[in-house]
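Chemist: Below is a structure I'd like to ask you about.
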Amino acid sequence: MFAAVSTSLVLSAALPSASQAGPIIQNFSNEARNISPWVGQSFTAEDALIDLAGVWVVDFTFAGVATDSTVEYELRQGIGPGGPLLASRTFSGLADGFAGFADVSFAGIPLVVGAPYSLIVRNDTFEWAVASAFGDFYAGGSALLPVPDQFERDLRFHVLPAAAVPEPSTLLLLGTGLAAAGTAVRRRRGFGRTPTASR
């Protein structure tokens with residue numbers, strides 16, 4: 001009985017702690033704005049490492065066929081398109097009628113939790129728009145426009161954190177806990193005992 005209780009304590013101590021603040025998601029829109037030449041969204045980092053980031057892109061050709069299938073992303077430090085460039089990525093999956101998050105990976109780019117950053121989207125045609133929300137729906141930042149106006153708005157965007165990876169010391173503890181659990185189960189079932197002759 002004691003071994004089982006002890007093992008459960010080791011296992012619970014070995015599990016990685018929840019160090020992620022969770023994804024940033026602004027998933028509401030009531031308007032669409034043309035991307036050309038650029039639009040953006042500032043945000044406050046909640047995690048030191050992110051994975052995917054993107055805005056909700058919609059086909060803005062109305063009539064005709066879209067000829068450009070890409071949008072360019074920039075992840076910049078600070079607020080606005082003039083901050084230091086941390087990384088740039090290309091999303092290449094746009095097609096006629098597209099409407100959805102055009103996500104790119106910024107895996108491995110370290111951020112400072114609590115610091116401001118900007119996700120800038122560029123396209124030199126008038127074929128694509130980004131969905132946005134008229135009003136302040138995200139408290140950690142705001143939409144960025146080439147010609148600012150007096151109204152608050154946010155893009156429909158998200159920033160998804162990287163999956164938590166246990167540290168090597170945590171993995172060692174987890175392995176030790178699992179080994180102890182296996183030993184306790186074998187002892188309880190009678191495995192590992194020295195066989196005795198029956199009389």
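Lettering and numbering for the structure tokens are positional, with chains as A, B, ... in the shown order, residues counted from 1 in each chain, and ligands counted from 1 in the shown order.
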Using only C-alpha atoms, what does the table of region 17-89 of chain A residues within 9 Å of region 128-132 of chain A look like, with each row giving the shortest atom pair and its distance in Å to one decimal, sorted by chain and ascending number, as CSV?
Modeler:
residue,atom,partner,partner_atom,distance
A:Phe28,CA,A:Ser132,CA,7.4
A:Ser29,CA,A:Ser132,CA,4.8
A:Asn30,CA,A:Ser132,CA,6.3
A:Glu31,CA,A:Ser132,CA,5.4
A:Ala32,CA,A:Ala131,CA,4.3
A:Arg33,CA,A:Ala129,CA,5.2
A:Asn34,CA,A:Ala129,CA,4.1
A:Ile35,CA,A:Ala129,CA,5.0
A:Ser36,CA,A:Trp128,CA,7.8
A:Val39,CA,A:Val130,CA,8.1
A:Val55,CA,A:Val130,CA,6.7
A:Trp56,CA,A:Ala131,CA,5.6
A:Val57,CA,A:Val130,CA,4.5
A:Val58,CA,A:Ala129,CA,5.3
A:Asp59,CA,A:Trp128,CA,5.1
A:Phe60,CA,A:Trp128,CA,4.7
A:Thr61,CA,A:Trp128,CA,7.0
A:Ala66,CA,A:Trp128,CA,8.4
A:Asp68,CA,A:Trp128,CA,8.7
A:Val71,CA,A:Trp128,CA,8.5
Chemist: Next, write the just-selected residues to a file, as a PDB file, in the first residue's frame, keeping N, CA and C atoms as the atom set.
Modeler:
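So the final result, stored in selection-v1.pdb, reads:
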ATOM      1  N   PHE A  28     -13.428  37.143 -33.700  1.00  0.00           N
ATOM      2  CA  PHE A  28     -14.671  37.804 -34.089  1.00  0.00           C
ATOM      3  C   PHE A  28     -14.371  38.839 -35.166  1.00  0.00           C
ATOM      4  N   SER A  29     -15.282  38.985 -36.110  1.00  0.00           N
ATOM      5  CA  SER A  29     -15.120  40.023 -37.133  1.00  0.00           C
ATOM      6  C   SER A  29     -16.478  40.545 -37.559  1.00  0.00           C
ATOM      7  N   ASN A  30     -16.520  41.823 -37.888  1.00  0.00           N
ATOM      8  CA  ASN A  30     -17.742  42.427 -38.414  1.00  0.00           C
ATOM      9  C   ASN A  30     -17.437  43.329 -39.613  1.00  0.00           C
ATOM     10  N   GLU A  31     -16.228  43.211 -40.141  1.00  0.00           N
ATOM     11  CA  GLU A  31     -15.848  43.956 -41.339  1.00  0.00           C
ATOM     12  C   GLU A  31     -14.638  43.277 -41.965  1.00  0.00           C
ATOM     13  N   ALA A  32     -14.285  43.688 -43.158  1.00  0.00           N
ATOM     14  CA  ALA A  32     -13.067  43.201 -43.821  1.00  0.00           C
ATOM     15  C   ALA A  32     -12.340  44.397 -44.402  1.00  0.00           C
ATOM     16  N   ARG A  33     -11.015  44.365 -44.306  1.00  0.00           N
ATOM     17  CA  ARG A  33     -10.193  45.468 -44.794  1.00  0.00           C
ATOM     18  C   ARG A  33      -9.182  44.925 -45.791  1.00  0.00           C
ATOM     19  N   ASN A  34      -8.998  45.628 -46.880  1.00  0.00           N
ATOM     20  CA  ASN A  34      -8.026  45.216 -47.881  1.00  0.00           C
ATOM     21  C   ASN A  34      -6.625  45.205 -47.287  1.00  0.00           C
ATOM     22  N   ILE A  35      -5.827  44.215 -47.648  1.00  0.00           N
ATOM     23  CA  ILE A  35      -4.469  44.106 -47.111  1.00  0.00           C
ATOM     24  C   ILE A  35      -3.525  45.112 -47.757  1.00  0.00           C
ATOM     25  N   SER A  36      -3.654  45.364 -49.043  1.00  0.00           N
ATOM     26  CA  SER A  36      -2.689  46.180 -49.781  1.00  0.00           C
ATOM     27  C   SER A  36      -2.562  47.599 -49.200  1.00  0.00           C
ATOM     28  N   VAL A  39      -1.401  45.497 -43.524  1.00  0.00           N
ATOM     29  CA  VAL A  39      -2.162  45.724 -42.291  1.00  0.00           C
ATOM     30  C   VAL A  39      -1.443  44.935 -41.197  1.00  0.00           C
ATOM     31  N   VAL A  55      -3.681  35.590 -39.497  1.00  0.00           N
ATOM     32  CA  VAL A  55      -4.896  36.413 -39.540  1.00  0.00           C
ATOM     33  C   VAL A  55      -5.916  35.706 -40.430  1.00  0.00           C
ATOM     34  N   TRP A  56      -7.167  36.088 -40.290  1.00  0.00           N
ATOM     35  CA  TRP A  56      -8.246  35.515 -41.089  1.00  0.00           C
ATOM     36  C   TRP A  56      -8.294  36.268 -42.418  1.00  0.00           C
ATOM     37  N   VAL A  57      -7.928  35.572 -43.476  1.00  0.00           N
ATOM     38  CA  VAL A  57      -7.862  36.171 -44.811  1.00  0.00           C
ATOM     39  C   VAL A  57      -9.096  35.760 -45.612  1.00  0.00           C
ATOM     40  N   VAL A  58      -9.642  36.706 -46.375  1.00  0.00           N
ATOM     41  CA  VAL A  58     -10.807  36.422 -47.218  1.00  0.00           C
ATOM     42  C   VAL A  58     -10.546  36.901 -48.636  1.00  0.00           C
ATOM     43  N   ASP A  59     -11.147  36.199 -49.588  1.00  0.00           N
ATOM     44  CA  ASP A  59     -11.068  36.567 -50.998  1.00  0.00           C
ATOM     45  C   ASP A  59     -11.787  37.894 -51.189  1.00  0.00           C
ATOM     46  N   PHE A  60     -11.082  38.872 -51.757  1.00  0.00           N
ATOM     47  CA  PHE A  60     -11.625  40.227 -51.897  1.00  0.00           C
ATOM     48  C   PHE A  60     -11.748  40.625 -53.365  1.00  0.00           C
ATOM     49  N   THR A  61     -11.716  39.620 -54.262  1.00  0.00           N
ATOM     50  CA  THR A  61     -11.755  39.943 -55.685  1.00  0.00           C
ATOM     51  C   THR A  61     -13.153  40.314 -56.157  1.00  0.00           C
ATOM     52  N   ALA A  66      -8.711  35.365 -58.576  1.00  0.00           N
ATOM     53  CA  ALA A  66      -7.520  35.800 -57.857  1.00  0.00           C
ATOM     54  C   ALA A  66      -6.279  35.260 -58.547  1.00  0.00           C
ATOM     55  N   ASP A  68      -2.972  36.103 -57.258  1.00  0.00           N
ATOM     56  CA  ASP A  68      -1.875  36.051 -56.287  1.00  0.00           C
ATOM     57  C   ASP A  68      -2.288  35.096 -55.166  1.00  0.00           C
ATOM     58  N   VAL A  71       0.469  35.633 -49.155  1.00  0.00           N
ATOM     59  CA  VAL A  71       0.604  36.833 -48.325  1.00  0.00           C
ATOM     60  C   VAL A  71       1.906  36.678 -47.544  1.00  0.00           C
TER      61      VAL A  71
END
Chemist: Based on DSSP run over this structure's backbone, return all residues of region 12-169 of chain A in strand (DSSP E or B), as a VMD selection string.
Modeler: chain A and resid 24 to 26 31 to 34 38 to 44 49 to 59 71 to 77 85 to 91 99 to 105 110 116 to 122 128 to 134 143 to 144 153 to 155 157 to 161
Chemist: Select, from A:Ile24, A:Ala143, A:Leu94, A:Ala162, the residue with the minimum atom-to-atom distance to Ile50 (chain A), counting only C-alpha atoms.
Modeler: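 Going through A:Ile24, A:Ala143, A:Leu94, A:Ala162 one by one, the smallest distance to Ile50 (chain A) is for A:Ala162.
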Chemist: Between CA of Leu49 (chain A) and CA of Gly100 (chain A), measure the distance and give it in Å to one decimal.
Modeler: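 It comes out at 23.6 Å.
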Chemist: Work out how far CA of Ala45 (chain A) is from CA of Phe134 (chain A), in Å to one decimal.
Modeler: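 For CA of Phe134 (chain A) relative to CA of Ala45 (chain A), the distance reads 22.6 Å.
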Chemist: Can you work out which one of A:Ile120, A:Val147, A:Leu155, A:Leu160 has the shortest atom-to-atom distance to Ile79 (chain A), counting only C-alpha atoms?
Modeler: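 Selected residue with least distance to Ile79 (chain A): A:Ile120.
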Chemist: Between CA of Leu111 (chain A) and CA of Gly93 (chain A), measure the distance and give it in Å to one decimal.
Modeler: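 For CA of Leu111 (chain A) relative to CA of Gly93 (chain A), the distance reads 26.8 Å.
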